Each structure stands twice: as structure tokens, then as C-alpha cells.
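The block underneath contains the structure these notes are about, expressed in C-alpha cells.
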Amino acid sequence: MDSRWPSFRGGAVPSDPADATETRRWSRIRRRPCTRPEPTRSDAPAGPVRRAPLTSLRLARLASITAAALVACGFTFSNAYRSPRNSEREVRRSTTLIILHTTEAPAKSALNKLSERGEIHYVVDTDGMVYRVIDHRRIAFHCGRSMWNGRTQVDDFAVGIEVVGYHNKPMTAKQTITLAALIGEIQSIYKIPDERVLPHSMVAYGAPNRFHKRSHRGRKRCGMQFATWAVRQKLNLTAQPRFDPDVRARRLVNADPYLAQVLFGSAAQQDQALAKYTAEETTVIGPGRTAWDIARDAYNSTNTVYVFPDGSRRTGNGIRAWGAIPTGTRVLLNEACADAEPVESFKTIGTDGKTAADFAGEETRLDTTYYIYPAGGSFSGSELSAAAIAALPRGTRVLVGYKRIGPIRAGTRVYEICGAKWKAPDTYFLYSHGLLKPGSEMDESKIPVGLYLFYKN
């Protein structure tokens, strides 16, 4: 092992991975004793711990993984896909979670996208290679709209790892060995316990839409296999949350009972629920299976195609009567966009729906729902009466699940308000005359005084 590249466990990580040569061998692996007693279950609100008993079969499986890792003598890091976004990302103030993702696409297309957008810290390829994308101490945009135990914007306090593969397909043996070691080293750096190593699907949530009238869990299936007993044992993770703290506290509703069984159920419940995601008819609309169940937030995307029983086709953005889609309609998802975080655009009364409730559901009067009048001026749902919301004029734009800051004063840097998110395509700047302009079209050096800034909560 090159002495200039100390182990994560034994020394500091370089502040800029580009200063290291392209690849380094990581020879240390993390091994845990396999004889821990099974603890009792807890009902602590932060996500109680549960552990699986170690049968002789499980012990043998863990032993074989450890032996294979010893033979492999570690794995290789590469900076080949280091993101150009590194320098613009702020250092996290705290790190309390590790979030595991699946790319839902082949390695090359996923790596290119993740690198360009700075959407992850590490990627584990099928051959066990680990690609560094964003410095592990900096914020990567990998969780999107997210919440865990009442705290939103999980990106701000989590390290993210993408595994090349799919949410309903097993990892390769090399990926399993590498991922177990990588998780262990990150845990040792940030003192993160097993029950805080979570799949993306466990923290992602969605704003109200045509199918769900409240903010809801179930927006993503990404990485759901990392919640199963069998996979977590292979990763040396012996504890996990037993329930969803945000659903239990009624901050969110459960929009997908099957997914909840995969994430929080017993081994038998997980196996039963997983069958739903491997059945051939999972991409066909039918009783109990809506467009949202299949495509999630991409149900109305230009990249999602609906093939009707008569053979005709239409993209998601061209459909208005969602309740009238016939049984037997097949949904075609764009693989390259399968795990991409959707750009959340504002909705307009009179164009995208008739009333505010069409977009905000039961959250029309929350302080995270905003109404931007056609001629300018904005109000949160908590600032308006029910009668005023019902009488909103045509052309009023609606943002659900946002924060508002402003007016922006002279000398204020928008980066100091919400970090690099200020220039996201679904961050918006409101001008006094009513123009709502996305952050991706703004120049930080030319942002006028007096604007209001809206960014996702």
C-alpha cells in the first residue's frame, strides 16, 4: 500500500482526491465478530434497533465472505469520475447517516451523470472498483426530497454510496465484499451505528400529487434490497430501524404498504413483498396498480411512455385524465432516468389544474406551500384563509414543499442561504413583477436586490 495514501481507519483522507494518483489499493477490510447476542427490540422514536439471529447457515455465509475478502486483499479506488462540482460544494456540518442507492442503470451512463451533477460520494461497480465522485466530507446531491426522524434535506448530514445495479436484483460477490468494507470505514470515521445505514427508499418522500393528497413515503424504491435481513448480514450490518419514525409521527403517510414491508418487515414479510416487484405485470396498470405505483414521481415525465391496449402511445406530460387510463396499459420507463431526481416545477392554476388542492392536496394551508400571484407577490398557505385559497385567480403558481427566503438584500450571497442548491433548476427566484425564474438561469453576480428565493424543503 502506498504510504502517501493512508487507510481511512488509520489516517486522514486527502482534502482533495485529485491530489492523489488515479487509483489506490485499500488493503484493510472491516470484520466484526459474528457471535453477538440477539438484543430485544426497542421502540425508540429515532428508529429502533433490531438484529437478526445468527444461524449456522448465516455464520457460514459470513465466514465465506470474510475469507473471500482476505484473498482479494482489498479493493481499488479511482478518481476517473471525480466530479467537477467538488469545489462548489460546502463541507457538511454533521454526518449521522450513510445512504445506500442503486443506479438503476449500467455503470457508464450512471457514472457520467453522477459525476457531471455531483450526485454521490462513492460508486461501487460490479467488479468491486470504487469511484470517488464528491469528497466524502462535502455535500453531494443524492437524496433529493428527503426526511428522516423529522429532519429534512438528508443530503446535508449523510454520505451517499451508489451501487451499480437495480433495486430488485442482487449485487455481485465483489460488490458485496467491497461495499461491506467501504461502509465499515465510513462508519468508523463518523461513528455511525448500523441502524443509521439506510437505503434511499427509506428516507425519500414525495410532495402531494394527483394520487396522494399528503406528503408521503414511497417516492423511491432505490436501494430497497439494502433493508433486507439477508443483504444486511452480508454487509456486516446487524441492526436496522424497525419502523418509519416520520410515518409514525404523522409527518408523512405511507403511500406504498408493500415497500414498507420490504423496508421494515420481518424476513418473511420482506420475501412476500419483494415478489410484487419481480412479477412480470409490475409495469402494467391494473387493479391496485396505478401509474404512480409503477413510475413514482416520473409518472408525468416526458421520458415515461404509456402504451395503451389499442397500441397507441403517449408520454406522461401529455396525459391529464389519470383516472381514465385503461387497465392493461403498459408503462415504459427511461432506464437512464430511472433513479434521477425529478426537477419539480411549479404548477399553474387554470393550466395544470383547477384549484390549489389539485396540486397541494391536504397541504394547501401549510407554511411549506406557496402561492405566487400572476402580477407578483407570494403567500404561504398559513398566511391565507381557506376562502382566499379557494378564490386564487387563474395563473397563480403553486409550489409545494418549499422554503422562502427574502427579500434578498445588498451584499447577501445566495450561496450562504442554501449552498449550491441556489442554482438548481427547481430553485426559483421571484421578481417583483411576477417573473419566476429557475436558479439554473441565474448569474450569482447579477442577482437583483429585493428578489425572493424559493428552494425545496
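Quick note on naming: the chains in the C-alpha cells go A, B, ... in the order shown, residues restart at 1 in each chain, and ligands are numbered from 1 in order of appearance.
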Just the residues within 10 Å of Gly206 in chain A, please, counting only C-alpha atoms, with nothing from its chain fewer than 4 positions along; format it as a list in words.
Gly144, Arg145, Ser146, Met147, His212, Arg214, Ser215, His216, Arg217, Gly218, Arg219, Lys220, Leu252, Val253, Ala255, Arg296, Asp297, Val400 and Gly401 of chain A
Could those selected residues go to a file with N, CA and C atoms, as a compact mmCIF listing (two decimals), in the first residue's frame?
```
# COMPACT_ATOMS: atom_id res chain seq x y z
N GLY A 144 -32.31 14.07 -2.83
CA GLY A 144 -33.47 14.82 -3.28
C GLY A 144 -34.37 15.18 -2.11
N ARG A 145 -35.68 15.19 -2.38
CA ARG A 145 -36.64 15.49 -1.31
C ARG A 145 -36.60 14.34 -0.30
N SER A 146 -36.20 14.62 0.92
CA SER A 146 -35.93 13.53 1.87
C SER A 146 -36.14 13.99 3.30
N MET A 147 -36.38 13.00 4.17
CA MET A 147 -36.62 13.26 5.59
C MET A 147 -36.31 12.00 6.38
N HIS A 212 -51.76 11.12 -4.31
CA HIS A 212 -51.61 11.17 -2.86
C HIS A 212 -51.77 12.61 -2.38
N ARG A 214 -51.26 13.92 0.55
CA ARG A 214 -50.35 14.41 1.58
C ARG A 214 -48.91 14.03 1.23
N SER A 215 -47.96 14.69 1.87
CA SER A 215 -46.57 14.28 1.70
C SER A 215 -46.45 12.84 2.15
N HIS A 216 -45.69 12.05 1.39
CA HIS A 216 -45.79 10.60 1.56
C HIS A 216 -44.45 9.90 1.40
N ARG A 217 -44.32 8.79 2.11
CA ARG A 217 -43.19 7.90 1.91
C ARG A 217 -43.53 6.97 0.75
N GLY A 218 -42.51 6.54 0.02
CA GLY A 218 -42.74 5.64 -1.10
C GLY A 218 -42.33 6.24 -2.43
N ARG A 219 -41.71 7.42 -2.39
CA ARG A 219 -41.31 8.08 -3.64
C ARG A 219 -40.26 7.30 -4.40
N LYS A 220 -39.42 6.55 -3.70
CA LYS A 220 -38.33 5.81 -4.33
C LYS A 220 -38.30 4.36 -3.86
N LEU A 252 -45.53 12.16 7.65
CA LEU A 252 -45.74 11.61 6.32
C LEU A 252 -46.78 10.50 6.41
N VAL A 253 -47.35 10.15 5.25
CA VAL A 253 -48.23 8.99 5.18
C VAL A 253 -47.53 7.91 4.37
N ALA A 255 -47.46 5.63 1.44
CA ALA A 255 -48.11 5.51 0.13
C ALA A 255 -47.88 4.15 -0.52
N ARG A 296 -43.62 6.14 -10.09
CA ARG A 296 -43.36 7.08 -8.99
C ARG A 296 -43.40 8.52 -9.50
N ASP A 297 -42.46 9.35 -9.09
CA ASP A 297 -42.51 10.76 -9.47
C ASP A 297 -42.34 11.01 -10.96
N VAL A 400 -45.10 23.38 -3.75
CA VAL A 400 -45.41 22.55 -2.59
C VAL A 400 -44.13 21.96 -2.02
N GLY A 401 -43.96 22.10 -0.70
CA GLY A 401 -42.77 21.56 -0.05
C GLY A 401 -41.54 22.43 -0.24
```
If you count only C-alpha atoms, which residues fall within 7 Å of Asp367 in chain A, apart from same-chain ones fewer than 2 positions away, as a PyMOL selection string?
chain A and resi 365+369+380-382
Please dump the current selection as a PDB file, in the first residue's frame; keep C-alpha atoms.
```
ATOM      1  CA  ARG A 365     -52.657  25.742   4.175  1.00  0.00           C
ATOM      2  CA  THR A 369     -46.944  25.577   0.310  1.00  0.00           C
ATOM      3  CA  SER A 380     -47.690  30.742   2.165  1.00  0.00           C
ATOM      4  CA  GLY A 381     -50.710  28.578   2.823  1.00  0.00           C
ATOM      5  CA  SER A 382     -50.563  29.519   6.504  1.00  0.00           C
TER       6      SER A 382
END
```
Within 8 Å of range 117-126 of chain A, counting only C-alpha atoms, which residues show up once you throw out same-chain ones fewer than 3 positions away? Write them as a PDB file with C-alpha atoms, in the first residue's frame, please.
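Now in out-v1.pdb:
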```pdb
ATOM      1  CA  SER A  83     -16.962  15.482 -10.139  1.00  0.00           C
ATOM      2  CA  PRO A  84     -16.142  18.996 -11.362  1.00  0.00           C
ATOM      3  CA  ARG A  85     -18.690  20.157  -8.752  1.00  0.00           C
ATOM      4  CA  ASN A  86     -16.387  19.381  -5.810  1.00  0.00           C
ATOM      5  CA  ALA A 107     -22.185   1.761 -14.925  1.00  0.00           C
ATOM      6  CA  LEU A 111     -21.173   7.371 -13.641  1.00  0.00           C
ATOM      7  CA  LYS A 113     -24.488  11.555 -14.838  1.00  0.00           C
ATOM      8  CA  LEU A 114     -23.419  11.242 -11.205  1.00  0.00           C
ATOM      9  CA  MET A 129     -13.973  -0.888  -8.189  1.00  0.00           C
ATOM     10  CA  VAL A 130     -14.861   2.157  -6.085  1.00  0.00           C
ATOM     11  CA  TYR A 131     -15.145   5.511  -7.859  1.00  0.00           C
ATOM     12  CA  ARG A 132     -14.843   8.702  -5.833  1.00  0.00           C
ATOM     13  CA  VAL A 133     -17.186  11.391  -7.141  1.00  0.00           C
ATOM     14  CA  ILE A 134     -17.651  14.029  -4.411  1.00  0.00           C
ATOM     15  CA  ASP A 135     -15.247  14.340  -1.456  1.00  0.00           C
ATOM     16  CA  HIS A 136     -16.862  12.399   1.388  1.00  0.00           C
ATOM     17  CA  ALA A 140     -23.469  15.582  -2.626  1.00  0.00           C
ATOM     18  CA  PHE A 141     -26.975  15.898  -4.061  1.00  0.00           C
ATOM     19  CA  HIS A 142     -28.046  12.259  -3.780  1.00  0.00           C
ATOM     20  CA  VAL A 159     -22.677  10.187   2.982  1.00  0.00           C
ATOM     21  CA  GLY A 160     -24.079   8.532  -0.145  1.00  0.00           C
ATOM     22  CA  ILE A 161     -22.944   5.328  -1.868  1.00  0.00           C
ATOM     23  CA  GLU A 162     -24.300   4.191  -5.246  1.00  0.00           C
ATOM     24  CA  VAL A 163     -24.120   0.502  -6.137  1.00  0.00           C
ATOM     25  CA  VAL A 164     -24.219  -0.211  -9.872  1.00  0.00           C
ATOM     26  CA  GLY A 165     -27.303  -2.353 -10.271  1.00  0.00           C
ATOM     27  CA  MET A 171     -25.197  -7.473  -6.084  1.00  0.00           C
ATOM     28  CA  THR A 172     -22.166  -9.304  -7.415  1.00  0.00           C
ATOM     29  CA  LYS A 174     -17.189  -8.457  -5.448  1.00  0.00           C
ATOM     30  CA  GLN A 175     -19.635  -5.624  -4.856  1.00  0.00           C
ATOM     31  CA  THR A 178     -16.289  -4.005  -1.321  1.00  0.00           C
ATOM     32  CA  LEU A 179     -19.480  -2.378  -0.080  1.00  0.00           C
TER      33      LEU A 179
END
```
If we count only C-alpha atoms, what is near Tyr306 in chain A at a cut-off of 6 Å, once residues fewer than 5 positions away on the same chain are taken out, given as an mmCIF file with N, CA and C atoms, in the first residue's frame?
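Saved the output as out_2.cif:
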```cif
data_model
loop_
_atom_site.group_PDB
_atom_site.id
_atom_site.type_symbol
_atom_site.label_atom_id
_atom_site.label_comp_id
_atom_site.auth_asym_id
_atom_site.auth_seq_id
_atom_site.Cartn_x
_atom_site.Cartn_y
_atom_site.Cartn_z
ATOM 1 N N ARG A 313 -49.709 5.381 -28.171
ATOM 2 C CA ARG A 313 -48.736 5.768 -27.151
ATOM 3 C C ARG A 313 -48.882 7.243 -26.796
ATOM 4 N N ARG A 314 -48.509 7.552 -25.558
ATOM 5 C CA ARG A 314 -48.500 8.942 -25.124
ATOM 6 C C ARG A 314 -47.490 9.088 -23.987
ATOM 7 N N ARG A 330 -49.386 -0.417 -20.574
ATOM 8 C CA ARG A 330 -48.019 -0.720 -20.157
ATOM 9 C C ARG A 330 -47.225 0.580 -20.024
ATOM 10 N N VAL A 331 -46.407 0.648 -18.995
ATOM 11 C CA VAL A 331 -45.615 1.847 -18.724
ATOM 12 C C VAL A 331 -44.158 1.565 -19.054
#
```
Show me, as number ranges by chain, the residues that have an atom within 7 Å of Ile139 in chain A when counting only C-alpha atoms, minus same-chain residues fewer than 3 positions from it.
A: 89-92, 155-156
Write out as a list in words each polymer residue whose atoms come within 7 Å of range 386-396 of chain A, counting only C-alpha atoms; drop sequence neighbours fewer than 4 positions from it.
Thr348, Ile349, Gly350, Thr355, Ala356, Tyr371, Ile372, Tyr373 and Pro374 of chain A
Between A:Thr290, A:Gln187, A:Ser345, A:Asn168, which residue has the minimum interatomic distance to Thr103 in chain A, considering only C-alpha atoms?
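Result for the nearest residue to Thr103 in chain A: A:Asn168.
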State, in Å with one decimal place, the distance from CA of Thr228 in chain A to CA of Ala267 in chain A.
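So the two atoms, CA of Thr228 in chain A and CA of Ala267 in chain A, lie 7.0 Å apart.
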Gap from CA of Glu185 in chain A to CA of Gln261 in chain A - Å, one decimal
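Distance between the two atoms: 29.2 Å.
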Just the number, please: distance in Å from CA of Glu441 in chain A to CA of Ala204 in chain A, one decimal.
26.7 Å
Per-residue DSSP, range 163-320 of chain A, filtered to alpha helix (DSSP H), as a PDB file with N, CA and C atoms, in the first residue's frame:
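Final file, result-v4.pdb:
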```pdb
ATOM      1  N   ALA A 173     -20.690 -10.712  -6.093  1.00  0.00           N
ATOM      2  CA  ALA A 173     -19.908 -11.066  -4.901  1.00  0.00           C
ATOM      3  C   ALA A 173     -18.857 -10.005  -4.603  1.00  0.00           C
ATOM      4  N   LYS A 174     -18.220  -9.477  -5.652  1.00  0.00           N
ATOM      5  CA  LYS A 174     -17.189  -8.457  -5.448  1.00  0.00           C
ATOM      6  C   LYS A 174     -17.797  -7.166  -4.903  1.00  0.00           C
ATOM      7  N   GLN A 175     -18.975  -6.813  -5.391  1.00  0.00           N
ATOM      8  CA  GLN A 175     -19.635  -5.624  -4.856  1.00  0.00           C
ATOM      9  C   GLN A 175     -19.947  -5.788  -3.370  1.00  0.00           C
ATOM     10  N   THR A 176     -20.409  -6.966  -3.007  1.00  0.00           N
ATOM     11  CA  THR A 176     -20.769  -7.221  -1.613  1.00  0.00           C
ATOM     12  C   THR A 176     -19.569  -7.047  -0.693  1.00  0.00           C
ATOM     13  N   ILE A 177     -18.437  -7.638  -1.074  1.00  0.00           N
ATOM     14  CA  ILE A 177     -17.219  -7.533  -0.265  1.00  0.00           C
ATOM     15  C   ILE A 177     -16.770  -6.076  -0.157  1.00  0.00           C
ATOM     16  N   THR A 178     -16.742  -5.395  -1.294  1.00  0.00           N
ATOM     17  CA  THR A 178     -16.289  -4.005  -1.321  1.00  0.00           C
ATOM     18  C   THR A 178     -17.217  -3.100  -0.534  1.00  0.00           C
ATOM     19  N   LEU A 179     -18.522  -3.246  -0.758  1.00  0.00           N
ATOM     20  CA  LEU A 179     -19.480  -2.378  -0.080  1.00  0.00           C
ATOM     21  C   LEU A 179     -19.413  -2.557   1.432  1.00  0.00           C
ATOM     22  N   ALA A 180     -19.275  -3.794   1.891  1.00  0.00           N
ATOM     23  CA  ALA A 180     -19.167  -4.045   3.331  1.00  0.00           C
ATOM     24  C   ALA A 180     -17.965  -3.311   3.921  1.00  0.00           C
ATOM     25  N   ALA A 181     -16.827  -3.380   3.238  1.00  0.00           N
ATOM     26  CA  ALA A 181     -15.620  -2.713   3.729  1.00  0.00           C
ATOM     27  C   ALA A 181     -15.754  -1.197   3.681  1.00  0.00           C
ATOM     28  N   LEU A 182     -16.315  -0.678   2.593  1.00  0.00           N
ATOM     29  CA  LEU A 182     -16.473   0.771   2.450  1.00  0.00           C
ATOM     30  C   LEU A 182     -17.414   1.325   3.516  1.00  0.00           C
ATOM     31  N   ILE A 183     -18.534   0.657   3.724  1.00  0.00           N
ATOM     32  CA  ILE A 183     -19.463   1.083   4.773  1.00  0.00           C
ATOM     33  C   ILE A 183     -18.755   1.101   6.125  1.00  0.00           C
ATOM     34  N   GLY A 184     -18.004   0.042   6.405  1.00  0.00           N
ATOM     35  CA  GLY A 184     -17.318  -0.049   7.692  1.00  0.00           C
ATOM     36  C   GLY A 184     -16.345   1.078   7.928  1.00  0.00           C
ATOM     37  N   GLU A 185     -15.599   1.447   6.902  1.00  0.00           N
ATOM     38  CA  GLU A 185     -14.631   2.533   7.061  1.00  0.00           C
ATOM     39  C   GLU A 185     -15.323   3.873   7.278  1.00  0.00           C
ATOM     40  N   ILE A 186     -16.412   4.115   6.538  1.00  0.00           N
ATOM     41  CA  ILE A 186     -17.142   5.372   6.723  1.00  0.00           C
ATOM     42  C   ILE A 186     -17.769   5.411   8.113  1.00  0.00           C
ATOM     43  N   GLN A 187     -18.281   4.270   8.560  1.00  0.00           N
ATOM     44  CA  GLN A 187     -18.828   4.207   9.916  1.00  0.00           C
ATOM     45  C   GLN A 187     -17.770   4.561  10.960  1.00  0.00           C
ATOM     46  N   SER A 188     -16.559   4.070  10.748  1.00  0.00           N
ATOM     47  CA  SER A 188     -15.505   4.321  11.732  1.00  0.00           C
ATOM     48  C   SER A 188     -15.076   5.781  11.736  1.00  0.00           C
ATOM     49  N   ILE A 189     -15.134   6.436  10.588  1.00  0.00           N
ATOM     50  CA  ILE A 189     -14.765   7.852  10.510  1.00  0.00           C
ATOM     51  C   ILE A 189     -15.782   8.718  11.241  1.00  0.00           C
ATOM     52  N   TYR A 190     -17.078   8.463  10.987  1.00  0.00           N
ATOM     53  CA  TYR A 190     -18.134   9.331  11.503  1.00  0.00           C
ATOM     54  C   TYR A 190     -18.886   8.752  12.704  1.00  0.00           C
ATOM     55  N   HIS A 200     -31.890   4.494   0.241  1.00  0.00           N
ATOM     56  CA  HIS A 200     -32.501   5.748  -0.201  1.00  0.00           C
ATOM     57  C   HIS A 200     -34.019   5.703  -0.063  1.00  0.00           C
ATOM     58  N   SER A 201     -34.612   4.563  -0.386  1.00  0.00           N
ATOM     59  CA  SER A 201     -36.067   4.433  -0.327  1.00  0.00           C
ATOM     60  C   SER A 201     -36.617   4.673   1.072  1.00  0.00           C
ATOM     61  N   MET A 202     -35.786   4.527   2.087  1.00  0.00           N
ATOM     62  CA  MET A 202     -36.232   4.702   3.469  1.00  0.00           C
ATOM     63  C   MET A 202     -36.310   6.172   3.860  1.00  0.00           C
ATOM     64  N   VAL A 203     -35.595   7.051   3.168  1.00  0.00           N
ATOM     65  CA  VAL A 203     -35.580   8.472   3.542  1.00  0.00           C
ATOM     66  C   VAL A 203     -36.254   9.377   2.514  1.00  0.00           C
ATOM     67  N   TRP A 229     -32.996  -8.431   5.579  1.00  0.00           N
ATOM     68  CA  TRP A 229     -32.152  -9.123   6.554  1.00  0.00           C
ATOM     69  C   TRP A 229     -30.968  -9.802   5.868  1.00  0.00           C
ATOM     70  N   ALA A 230     -31.256 -10.510   4.771  1.00  0.00           N
ATOM     71  CA  ALA A 230     -30.215 -11.305   4.116  1.00  0.00           C
ATOM     72  C   ALA A 230     -29.063 -10.441   3.622  1.00  0.00           C
ATOM     73  N   VAL A 231     -29.383  -9.325   2.974  1.00  0.00           N
ATOM     74  CA  VAL A 231     -28.340  -8.463   2.420  1.00  0.00           C
ATOM     75  C   VAL A 231     -27.572  -7.757   3.532  1.00  0.00           C
ATOM     76  N   ARG A 232     -28.250  -7.288   4.540  1.00  0.00           N
ATOM     77  CA  ARG A 232     -27.563  -6.567   5.614  1.00  0.00           C
ATOM     78  C   ARG A 232     -26.576  -7.471   6.351  1.00  0.00           C
ATOM     79  N   GLN A 233     -26.903  -8.734   6.504  1.00  0.00           N
ATOM     80  CA  GLN A 233     -25.949  -9.647   7.136  1.00  0.00           C
ATOM     81  C   GLN A 233     -24.679  -9.764   6.306  1.00  0.00           C
ATOM     82  N   LYS A 234     -24.826  -9.808   4.987  1.00  0.00           N
ATOM     83  CA  LYS A 234     -23.653  -9.888   4.116  1.00  0.00           C
ATOM     84  C   LYS A 234     -22.800  -8.627   4.214  1.00  0.00           C
ATOM     85  N   PRO A 245     -39.994   6.432  11.508  1.00  0.00           N
ATOM     86  CA  PRO A 245     -40.320   7.429  12.540  1.00  0.00           C
ATOM     87  C   PRO A 245     -41.180   8.571  12.029  1.00  0.00           C
ATOM     88  N   ASP A 246     -41.084   8.895  10.741  1.00  0.00           N
ATOM     89  CA  ASP A 246     -41.850  10.019  10.202  1.00  0.00           C
ATOM     90  C   ASP A 246     -43.291   9.637   9.888  1.00  0.00           C
ATOM     91  N   VAL A 247     -43.512   8.399   9.496  1.00  0.00           N
ATOM     92  CA  VAL A 247     -44.881   7.919   9.317  1.00  0.00           C
ATOM     93  C   VAL A 247     -45.545   7.756  10.682  1.00  0.00           C
ATOM     94  N   ARG A 248     -44.811   7.208  11.630  1.00  0.00           N
ATOM     95  CA  ARG A 248     -45.368   7.027  12.975  1.00  0.00           C
ATOM     96  C   ARG A 248     -45.740   8.368  13.593  1.00  0.00           C
ATOM     97  N   PRO A 257     -47.605   0.314   0.951  1.00  0.00           N
ATOM     98  CA  PRO A 257     -47.510  -0.692   2.021  1.00  0.00           C
ATOM     99  C   PRO A 257     -46.547  -1.829   1.693  1.00  0.00           C
ATOM    100  N   TYR A 258     -46.454  -2.202   0.410  1.00  0.00           N
ATOM    101  CA  TYR A 258     -45.541  -3.284   0.034  1.00  0.00           C
ATOM    102  C   TYR A 258     -44.091  -2.865   0.266  1.00  0.00           C
ATOM    103  N   LEU A 259     -43.761  -1.644  -0.143  1.00  0.00           N
ATOM    104  CA  LEU A 259     -42.405  -1.154   0.075  1.00  0.00           C
ATOM    105  C   LEU A 259     -42.106  -1.060   1.570  1.00  0.00           C
ATOM    106  N   ALA A 260     -43.076  -0.619   2.346  1.00  0.00           N
ATOM    107  CA  ALA A 260     -42.878  -0.529   3.793  1.00  0.00           C
ATOM    108  C   ALA A 260     -42.568  -1.898   4.391  1.00  0.00           C
ATOM    109  N   GLN A 261     -43.179  -2.954   3.845  1.00  0.00           N
ATOM    110  CA  GLN A 261     -42.884  -4.311   4.324  1.00  0.00           C
ATOM    111  C   GLN A 261     -41.451  -4.707   4.000  1.00  0.00           C
ATOM    112  N   VAL A 262     -40.982  -4.309   2.814  1.00  0.00           N
ATOM    113  CA  VAL A 262     -39.594  -4.602   2.455  1.00  0.00           C
ATOM    114  C   VAL A 262     -38.644  -3.863   3.389  1.00  0.00           C
ATOM    115  N   LEU A 263     -38.967  -2.634   3.704  1.00  0.00           N
ATOM    116  CA  LEU A 263     -38.066  -1.797   4.495  1.00  0.00           C
ATOM    117  C   LEU A 263     -38.086  -2.128   5.983  1.00  0.00           C
ATOM    118  N   PHE A 264     -39.260  -2.479   6.508  1.00  0.00           N
ATOM    119  CA  PHE A 264     -39.383  -2.620   7.959  1.00  0.00           C
ATOM    120  C   PHE A 264     -39.965  -3.956   8.416  1.00  0.00           C
ATOM    121  N   ALA A 267     -38.288 -11.044   7.938  1.00  0.00           N
ATOM    122  CA  ALA A 267     -37.718 -11.684   6.753  1.00  0.00           C
ATOM    123  C   ALA A 267     -38.817 -12.272   5.878  1.00  0.00           C
ATOM    124  N   ALA A 268     -39.823 -12.902   6.496  1.00  0.00           N
ATOM    125  CA  ALA A 268     -40.922 -13.497   5.733  1.00  0.00           C
ATOM    126  C   ALA A 268     -41.748 -12.422   5.038  1.00  0.00           C
ATOM    127  N   GLN A 269     -42.027 -11.325   5.731  1.00  0.00           N
ATOM    128  CA  GLN A 269     -42.783 -10.227   5.127  1.00  0.00           C
ATOM    129  C   GLN A 269     -42.008  -9.593   3.981  1.00  0.00           C
ATOM    130  N   GLN A 270     -40.700  -9.480   4.141  1.00  0.00           N
ATOM    131  CA  GLN A 270     -39.875  -8.926   3.074  1.00  0.00           C
ATOM    132  C   GLN A 270     -39.944  -9.794   1.826  1.00  0.00           C
ATOM    133  N   ASP A 271     -39.834 -11.098   1.987  1.00  0.00           N
ATOM    134  CA  ASP A 271     -39.889 -12.005   0.837  1.00  0.00           C
ATOM    135  C   ASP A 271     -41.226 -11.898   0.124  1.00  0.00           C
ATOM    136  N   GLN A 272     -42.294 -11.794   0.884  1.00  0.00           N
ATOM    137  CA  GLN A 272     -43.627 -11.694   0.301  1.00  0.00           C
ATOM    138  C   GLN A 272     -43.780 -10.396  -0.488  1.00  0.00           C
ATOM    139  N   ALA A 273     -43.313  -9.297   0.086  1.00  0.00           N
ATOM    140  CA  ALA A 273     -43.443  -8.002  -0.577  1.00  0.00           C
ATOM    141  C   ALA A 273     -42.535  -7.898  -1.794  1.00  0.00           C
ATOM    142  N   LEU A 274     -41.346  -8.491  -1.721  1.00  0.00           N
ATOM    143  CA  LEU A 274     -40.418  -8.439  -2.853  1.00  0.00           C
ATOM    144  C   LEU A 274     -40.998  -9.099  -4.090  1.00  0.00           C
ATOM    145  N   ALA A 275     -41.880 -10.076  -3.891  1.00  0.00           N
ATOM    146  CA  ALA A 275     -42.494 -10.754  -5.029  1.00  0.00           C
ATOM    147  C   ALA A 275     -43.279  -9.777  -5.892  1.00  0.00           C
ATOM    148  N   LYS A 276     -43.807  -8.721  -5.272  1.00  0.00           N
ATOM    149  CA  LYS A 276     -44.567  -7.718  -6.021  1.00  0.00           C
ATOM    150  C   LYS A 276     -43.698  -7.013  -7.052  1.00  0.00           C
ATOM    151  N   TYR A 277     -42.420  -6.818  -6.709  1.00  0.00           N
ATOM    152  CA  TYR A 277     -41.535  -6.055  -7.571  1.00  0.00           C
ATOM    153  C   TYR A 277     -40.837  -6.912  -8.627  1.00  0.00           C
ATOM    154  N   THR A 278     -40.977  -8.210  -8.537  1.00  0.00           N
ATOM    155  CA  THR A 278     -40.338  -9.080  -9.523  1.00  0.00           C
ATOM    156  C   THR A 278     -41.354  -9.728 -10.458  1.00  0.00           C
ATOM    157  N   ALA A 291     -50.422   4.449 -12.247  1.00  0.00           N
ATOM    158  CA  ALA A 291     -49.241   4.971 -12.935  1.00  0.00           C
ATOM    159  C   ALA A 291     -48.171   5.371 -11.929  1.00  0.00           C
ATOM    160  N   TRP A 292     -48.585   5.938 -10.794  1.00  0.00           N
ATOM    161  CA  TRP A 292     -47.613   6.326  -9.765  1.00  0.00           C
ATOM    162  C   TRP A 292     -46.952   5.109  -9.146  1.00  0.00           C
ATOM    163  N   ASP A 293     -47.709   4.031  -8.925  1.00  0.00           N
ATOM    164  CA  ASP A 293     -47.130   2.819  -8.346  1.00  0.00           C
ATOM    165  C   ASP A 293     -45.976   2.302  -9.202  1.00  0.00           C
ATOM    166  N   ILE A 294     -46.089   2.473 -10.504  1.00  0.00           N
ATOM    167  CA  ILE A 294     -45.076   1.955 -11.425  1.00  0.00           C
ATOM    168  C   ILE A 294     -43.940   2.949 -11.629  1.00  0.00           C
ATOM    169  N   ALA A 295     -44.280   4.195 -11.913  1.00  0.00           N
ATOM    170  CA  ALA A 295     -43.272   5.186 -12.313  1.00  0.00           C
ATOM    171  C   ALA A 295     -42.889   6.158 -11.205  1.00  0.00           C
TER     172      ALA A 295
END
```
